[in-house]
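Everything on this sheet refers to the single structure shown next.
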Amino acid sequence: MSAVTRDFGGARQGVFAPVDSRARVDAVVRRLGDAIELGLLADGEQLPGESDLATRLGVSTVTLREALMALRQQGLVTTRRGRGGGSFVTVPEGPAEERLRGLLIAWSTEELRDLGDHWAAVSGATARLAAHRTEPDDLVQLGRSVEQLAAAVEPPARSRVHGRFHVELAAAAQSARLTREAIALQTEVGALLSLVLADDECLKDVCDRHRAVICALQDGADDRARTLAEACVRLCVGRLVELRLATPGSADGSPP
């Protein structure tokens, strides 16, 4: 069995993985901002020192400082000087939905669709492998996550459990690389899914699809598991694209 942790707390590892080389300031802001919204970084938590954090993210200290400045302007980070100082996570007050819609505006529909293609490919591959490699304990844990998702009331809690399911699915495939990729994807998109999973009908649909994936894994039906996992991802990303287009003030959207 893969040594990669099955606890969603392991998703924190992906928070500080190197960012994409394109538009690195924006990539750092998005990575850390989404991690805060997703709850992977707690209110009041101190971030690693600038030099350490820049090294972990694979960016220069200049790039990191620009990103931290942007996060401070968004109210997501507070920097204290002097002894005991540093940069600390600050979860702003106010409706989470408004903050998340602000994050959503930073994505173009093309970026969301590209993300959906990537996520579907990863999810489909992990489901196909898991159909051959999963063990009984994996199915129990996946089933438990689905029921917790169905019972969750608040959208942030729903997005956390939803993300945990996908990380557990990758762990069931016994692929450390795919699990790390699943974790990184959740730090990137997990917070935004609160907007999608706030809809009870969509939540029910997603839970039903997750249960169908588990049944396919149990049957060892690799192609069916892959198809079902990909379809579930495309459903969620499709809803995000719809919300993006309907968000007022978006560059490629139109007023609702």
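In the structure tokens, the first chain shown is A, the next is B, and so on; residue numbers restart at 1 for each chain, and ligands run from 1 in the order shown.
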
Extract the full set of alpha helix (DSSP H) residues from region 7-256 of chain A according to DSSP on the backbone, and format it as a PDB file with C-alpha atoms, in the first residue's frame.
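The resulting file, out-v4.pdb, is shown below:
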```pdb
ATOM      1  CA  ARG A  12      -1.157  20.687   3.160  1.00  0.00           C
ATOM      2  CA  GLN A  13       1.902  19.147   1.521  1.00  0.00           C
ATOM      3  CA  GLY A  14       0.645  20.365  -1.835  1.00  0.00           C
ATOM      4  CA  VAL A  15       0.201  23.923  -0.598  1.00  0.00           C
ATOM      5  CA  ARG A  24       4.257  33.153 -10.850  1.00  0.00           C
ATOM      6  CA  VAL A  25       3.017  36.012  -8.671  1.00  0.00           C
ATOM      7  CA  ASP A  26      -0.574  35.200  -9.594  1.00  0.00           C
ATOM      8  CA  ALA A  27       0.127  31.481  -9.140  1.00  0.00           C
ATOM      9  CA  VAL A  28       1.430  32.022  -5.590  1.00  0.00           C
ATOM     10  CA  VAL A  29      -1.493  34.286  -4.697  1.00  0.00           C
ATOM     11  CA  ARG A  30      -3.973  31.743  -6.054  1.00  0.00           C
ATOM     12  CA  ARG A  31      -2.257  28.781  -4.362  1.00  0.00           C
ATOM     13  CA  LEU A  32      -2.089  30.340  -0.897  1.00  0.00           C
ATOM     14  CA  GLY A  33      -5.440  32.125  -1.186  1.00  0.00           C
ATOM     15  CA  ASP A  34      -7.252  28.932  -2.150  1.00  0.00           C
ATOM     16  CA  ALA A  35      -5.502  27.003   0.634  1.00  0.00           C
ATOM     17  CA  ILE A  36      -6.765  29.559   3.144  1.00  0.00           C
ATOM     18  CA  GLU A  37     -10.313  29.390   1.806  1.00  0.00           C
ATOM     19  CA  LEU A  38     -10.187  25.589   1.781  1.00  0.00           C
ATOM     20  CA  GLU A  50      10.201  34.290   3.182  1.00  0.00           C
ATOM     21  CA  SER A  51      13.417  32.554   2.111  1.00  0.00           C
ATOM     22  CA  ASP A  52      12.100  29.106   3.049  1.00  0.00           C
ATOM     23  CA  LEU A  53       8.690  29.705   1.482  1.00  0.00           C
ATOM     24  CA  ALA A  54      10.192  31.063  -1.745  1.00  0.00           C
ATOM     25  CA  THR A  55      12.419  27.985  -2.017  1.00  0.00           C
ATOM     26  CA  ARG A  56       9.499  25.603  -1.423  1.00  0.00           C
ATOM     27  CA  LEU A  57       7.344  27.324  -4.026  1.00  0.00           C
ATOM     28  CA  THR A  61      12.022  36.167  -2.897  1.00  0.00           C
ATOM     29  CA  VAL A  62      11.032  39.198  -4.984  1.00  0.00           C
ATOM     30  CA  THR A  63       8.153  37.228  -6.536  1.00  0.00           C
ATOM     31  CA  LEU A  64       7.122  35.924  -3.132  1.00  0.00           C
ATOM     32  CA  ARG A  65       7.094  39.414  -1.596  1.00  0.00           C
ATOM     33  CA  GLU A  66       4.872  40.683  -4.429  1.00  0.00           C
ATOM     34  CA  ALA A  67       2.495  37.780  -3.822  1.00  0.00           C
ATOM     35  CA  LEU A  68       2.426  38.401  -0.071  1.00  0.00           C
ATOM     36  CA  MET A  69       1.674  42.070  -0.751  1.00  0.00           C
ATOM     37  CA  ALA A  70      -1.298  41.050  -2.915  1.00  0.00           C
ATOM     38  CA  LEU A  71      -2.507  38.642  -0.208  1.00  0.00           C
ATOM     39  CA  ARG A  72      -2.266  41.414   2.384  1.00  0.00           C
ATOM     40  CA  GLN A  73      -4.351  43.667   0.147  1.00  0.00           C
ATOM     41  CA  ALA A  96     -17.372  33.376   2.276  1.00  0.00           C
ATOM     42  CA  GLU A  97     -19.379  33.252  -0.954  1.00  0.00           C
ATOM     43  CA  GLU A  98     -18.452  36.826  -1.827  1.00  0.00           C
ATOM     44  CA  ARG A  99     -14.742  36.111  -1.283  1.00  0.00           C
ATOM     45  CA  LEU A 100     -14.936  32.942  -3.349  1.00  0.00           C
ATOM     46  CA  ARG A 101     -16.674  34.723  -6.213  1.00  0.00           C
ATOM     47  CA  GLY A 102     -13.835  37.221  -6.094  1.00  0.00           C
ATOM     48  CA  LEU A 103     -11.389  34.346  -6.473  1.00  0.00           C
ATOM     49  CA  LEU A 104     -13.454  32.894  -9.291  1.00  0.00           C
ATOM     50  CA  ILE A 105     -13.196  36.120 -11.281  1.00  0.00           C
ATOM     51  CA  THR A 109     -13.217  30.210 -18.610  1.00  0.00           C
ATOM     52  CA  GLU A 110     -10.362  28.847 -20.718  1.00  0.00           C
ATOM     53  CA  GLU A 111      -8.277  28.288 -17.590  1.00  0.00           C
ATOM     54  CA  LEU A 112     -11.166  26.552 -15.862  1.00  0.00           C
ATOM     55  CA  ARG A 113     -11.772  24.257 -18.821  1.00  0.00           C
ATOM     56  CA  ASP A 114      -8.062  23.462 -19.019  1.00  0.00           C
ATOM     57  CA  LEU A 115      -8.068  22.708 -15.311  1.00  0.00           C
ATOM     58  CA  GLY A 116     -11.082  20.455 -15.852  1.00  0.00           C
ATOM     59  CA  ASP A 117      -9.251  18.516 -18.559  1.00  0.00           C
ATOM     60  CA  HIS A 118      -6.240  18.034 -16.297  1.00  0.00           C
ATOM     61  CA  TRP A 119      -8.298  17.080 -13.249  1.00  0.00           C
ATOM     62  CA  ALA A 120     -10.477  14.661 -15.243  1.00  0.00           C
ATOM     63  CA  ALA A 121      -7.374  12.968 -16.644  1.00  0.00           C
ATOM     64  CA  VAL A 122      -5.867  12.545 -13.172  1.00  0.00           C
ATOM     65  CA  SER A 123      -9.132  11.414 -11.597  1.00  0.00           C
ATOM     66  CA  GLY A 124      -9.873   8.984 -14.415  1.00  0.00           C
ATOM     67  CA  ALA A 125      -6.387   7.471 -14.235  1.00  0.00           C
ATOM     68  CA  THR A 126      -6.545   7.048 -10.470  1.00  0.00           C
ATOM     69  CA  ALA A 127      -9.998   5.440 -10.638  1.00  0.00           C
ATOM     70  CA  ARG A 128      -8.875   3.005 -13.333  1.00  0.00           C
ATOM     71  CA  LEU A 129      -5.833   1.944 -11.313  1.00  0.00           C
ATOM     72  CA  ALA A 130      -7.806   1.804  -8.083  1.00  0.00           C
ATOM     73  CA  ALA A 131     -10.220  -0.675  -9.667  1.00  0.00           C
ATOM     74  CA  HIS A 132      -7.299  -3.124  -9.817  1.00  0.00           C
ATOM     75  CA  ARG A 133      -5.376  -2.137  -6.695  1.00  0.00           C
ATOM     76  CA  PRO A 136     -11.321  -3.354   1.368  1.00  0.00           C
ATOM     77  CA  ASP A 137     -10.212  -0.631   3.784  1.00  0.00           C
ATOM     78  CA  ASP A 138      -9.998   1.823   0.878  1.00  0.00           C
ATOM     79  CA  LEU A 139     -13.625   1.181  -0.048  1.00  0.00           C
ATOM     80  CA  VAL A 140     -14.718   1.643   3.559  1.00  0.00           C
ATOM     81  CA  GLN A 141     -12.926   4.982   3.795  1.00  0.00           C
ATOM     82  CA  LEU A 142     -14.271   6.167   0.448  1.00  0.00           C
ATOM     83  CA  GLY A 143     -17.802   5.188   1.468  1.00  0.00           C
ATOM     84  CA  ARG A 144     -17.412   7.013   4.763  1.00  0.00           C
ATOM     85  CA  SER A 145     -16.318  10.166   2.949  1.00  0.00           C
ATOM     86  CA  VAL A 146     -19.339  10.016   0.634  1.00  0.00           C
ATOM     87  CA  GLU A 147     -21.728   9.779   3.583  1.00  0.00           C
ATOM     88  CA  GLN A 148     -19.942  12.635   5.350  1.00  0.00           C
ATOM     89  CA  LEU A 149     -20.256  14.680   2.174  1.00  0.00           C
ATOM     90  CA  ALA A 150     -23.960  13.935   1.946  1.00  0.00           C
ATOM     91  CA  ALA A 151     -24.451  14.960   5.585  1.00  0.00           C
ATOM     92  CA  PRO A 155     -20.407  24.566   1.700  1.00  0.00           C
ATOM     93  CA  PRO A 156     -16.807  24.836   3.012  1.00  0.00           C
ATOM     94  CA  ALA A 157     -17.226  21.532   4.842  1.00  0.00           C
ATOM     95  CA  ARG A 158     -18.670  19.990   1.693  1.00  0.00           C
ATOM     96  CA  SER A 159     -15.702  21.119  -0.404  1.00  0.00           C
ATOM     97  CA  ARG A 160     -13.217  19.744   2.153  1.00  0.00           C
ATOM     98  CA  VAL A 161     -14.839  16.306   2.223  1.00  0.00           C
ATOM     99  CA  HIS A 162     -15.232  16.313  -1.557  1.00  0.00           C
ATOM    100  CA  GLY A 163     -11.523  17.000  -1.904  1.00  0.00           C
ATOM    101  CA  ARG A 164     -10.710  14.307   0.618  1.00  0.00           C
ATOM    102  CA  PHE A 165     -12.645  11.760  -1.463  1.00  0.00           C
ATOM    103  CA  HIS A 166     -10.529  12.501  -4.536  1.00  0.00           C
ATOM    104  CA  VAL A 167      -7.288  12.296  -2.546  1.00  0.00           C
ATOM    105  CA  GLU A 168      -8.416   8.984  -1.042  1.00  0.00           C
ATOM    106  CA  LEU A 169      -9.291   7.713  -4.509  1.00  0.00           C
ATOM    107  CA  ALA A 170      -5.755   8.497  -5.658  1.00  0.00           C
ATOM    108  CA  ALA A 171      -4.312   6.814  -2.567  1.00  0.00           C
ATOM    109  CA  ALA A 172      -6.398   3.717  -3.364  1.00  0.00           C
ATOM    110  CA  ALA A 176       2.408   8.287  -4.795  1.00  0.00           C
ATOM    111  CA  ARG A 177       2.774  10.588  -7.813  1.00  0.00           C
ATOM    112  CA  LEU A 178      -0.927  10.567  -8.641  1.00  0.00           C
ATOM    113  CA  THR A 179      -1.782  11.149  -5.000  1.00  0.00           C
ATOM    114  CA  ARG A 180       0.493  14.183  -4.855  1.00  0.00           C
ATOM    115  CA  GLU A 181      -1.097  15.463  -8.076  1.00  0.00           C
ATOM    116  CA  ALA A 182      -4.588  14.973  -6.607  1.00  0.00           C
ATOM    117  CA  ILE A 183      -3.530  16.908  -3.517  1.00  0.00           C
ATOM    118  CA  ALA A 184      -2.128  19.755  -5.615  1.00  0.00           C
ATOM    119  CA  LEU A 185      -5.354  19.925  -7.637  1.00  0.00           C
ATOM    120  CA  GLN A 186      -7.439  20.200  -4.480  1.00  0.00           C
ATOM    121  CA  THR A 187      -5.346  23.087  -3.182  1.00  0.00           C
ATOM    122  CA  GLU A 188      -5.979  24.783  -6.541  1.00  0.00           C
ATOM    123  CA  VAL A 189      -9.701  24.197  -7.047  1.00  0.00           C
ATOM    124  CA  LEU A 193     -16.043  24.046  -5.273  1.00  0.00           C
ATOM    125  CA  SER A 194     -17.797  25.480  -2.218  1.00  0.00           C
ATOM    126  CA  LEU A 195     -19.741  27.569  -4.725  1.00  0.00           C
ATOM    127  CA  VAL A 196     -20.808  24.486  -6.687  1.00  0.00           C
ATOM    128  CA  LEU A 197     -21.570  22.258  -3.702  1.00  0.00           C
ATOM    129  CA  ASP A 200     -28.230  20.755  -2.609  1.00  0.00           C
ATOM    130  CA  GLU A 201     -29.294  19.163  -5.889  1.00  0.00           C
ATOM    131  CA  CYS A 202     -25.752  19.303  -7.210  1.00  0.00           C
ATOM    132  CA  LEU A 203     -24.489  17.849  -3.936  1.00  0.00           C
ATOM    133  CA  LYS A 204     -26.891  14.909  -4.251  1.00  0.00           C
ATOM    134  CA  ASP A 205     -25.802  14.349  -7.851  1.00  0.00           C
ATOM    135  CA  VAL A 206     -22.123  14.359  -6.862  1.00  0.00           C
ATOM    136  CA  CYS A 207     -22.725  11.947  -3.965  1.00  0.00           C
ATOM    137  CA  ASP A 208     -24.590   9.558  -6.259  1.00  0.00           C
ATOM    138  CA  ARG A 209     -21.726   9.700  -8.741  1.00  0.00           C
ATOM    139  CA  HIS A 210     -19.169   9.043  -6.002  1.00  0.00           C
ATOM    140  CA  ARG A 211     -21.163   6.014  -4.861  1.00  0.00           C
ATOM    141  CA  ALA A 212     -21.219   4.755  -8.445  1.00  0.00           C
ATOM    142  CA  VAL A 213     -17.423   5.092  -8.608  1.00  0.00           C
ATOM    143  CA  ILE A 214     -17.103   3.010  -5.432  1.00  0.00           C
ATOM    144  CA  CYS A 215     -19.362   0.306  -6.894  1.00  0.00           C
ATOM    145  CA  ALA A 216     -17.186   0.202 -10.019  1.00  0.00           C
ATOM    146  CA  LEU A 217     -14.063  -0.140  -7.872  1.00  0.00           C
ATOM    147  CA  GLN A 218     -15.674  -2.945  -5.916  1.00  0.00           C
ATOM    148  CA  ASP A 219     -16.521  -4.746  -9.163  1.00  0.00           C
ATOM    149  CA  ASP A 222     -11.671  -0.209 -14.501  1.00  0.00           C
ATOM    150  CA  ASP A 223     -13.139   1.447 -17.607  1.00  0.00           C
ATOM    151  CA  ARG A 224     -16.440   2.153 -15.863  1.00  0.00           C
ATOM    152  CA  ALA A 225     -14.635   3.584 -12.829  1.00  0.00           C
ATOM    153  CA  ARG A 226     -12.563   5.858 -15.074  1.00  0.00           C
ATOM    154  CA  THR A 227     -15.584   7.075 -17.041  1.00  0.00           C
ATOM    155  CA  LEU A 228     -17.610   7.765 -13.908  1.00  0.00           C
ATOM    156  CA  ALA A 229     -14.761   9.632 -12.185  1.00  0.00           C
ATOM    157  CA  GLU A 230     -14.109  11.780 -15.249  1.00  0.00           C
ATOM    158  CA  ALA A 231     -17.821  12.586 -15.617  1.00  0.00           C
ATOM    159  CA  CYS A 232     -18.051  13.681 -11.991  1.00  0.00           C
ATOM    160  CA  VAL A 233     -15.116  16.049 -12.402  1.00  0.00           C
ATOM    161  CA  ARG A 234     -16.538  17.499 -15.620  1.00  0.00           C
ATOM    162  CA  LEU A 235     -19.874  18.086 -13.882  1.00  0.00           C
ATOM    163  CA  CYS A 236     -18.225  20.137 -11.133  1.00  0.00           C
ATOM    164  CA  VAL A 237     -15.968  22.109 -13.462  1.00  0.00           C
ATOM    165  CA  GLY A 238     -18.859  22.703 -15.850  1.00  0.00           C
ATOM    166  CA  ARG A 239     -20.830  24.248 -12.996  1.00  0.00           C
ATOM    167  CA  LEU A 240     -17.839  26.433 -12.136  1.00  0.00           C
ATOM    168  CA  VAL A 241     -17.661  27.665 -15.729  1.00  0.00           C
ATOM    169  CA  GLU A 242     -21.378  28.508 -15.615  1.00  0.00           C
ATOM    170  CA  LEU A 243     -20.886  30.468 -12.387  1.00  0.00           C
ATOM    171  CA  ARG A 244     -17.860  32.232 -13.870  1.00  0.00           C
ATOM    172  CA  LEU A 245     -19.841  33.341 -16.905  1.00  0.00           C
TER     173      LEU A 245
END
```

As a ChimeraX atom specification, please: every residue in region 18-214 of chain A that DSSP puts in strand (DSSP E or B).
/A:46,77-80,86-89

Filtering to C-alpha atoms, could you give me those residues as a PDB file, in the first residue's frame?
```
ATOM      1  CA  GLN A  46       2.348  31.518  10.665  1.00  0.00           C
ATOM      2  CA  VAL A  77      -2.276  37.626   5.224  1.00  0.00           C
ATOM      3  CA  THR A  78      -1.028  39.897   7.983  1.00  0.00           C
ATOM      4  CA  THR A  79       2.673  40.688   8.340  1.00  0.00           C
ATOM      5  CA  ARG A  80       4.178  41.590  11.701  1.00  0.00           C
ATOM      6  CA  GLY A  86       6.395  37.060  10.179  1.00  0.00           C
ATOM      7  CA  SER A  87       3.468  36.514   7.859  1.00  0.00           C
ATOM      8  CA  PHE A  88       0.297  35.076   9.370  1.00  0.00           C
ATOM      9  CA  VAL A  89      -2.873  33.709   7.816  1.00  0.00           C
TER      10      VAL A  89
END
```

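We find CA of Thr247 (chain A) and CA of Val91 (chain A) to be spaced 22.7 Å apart.
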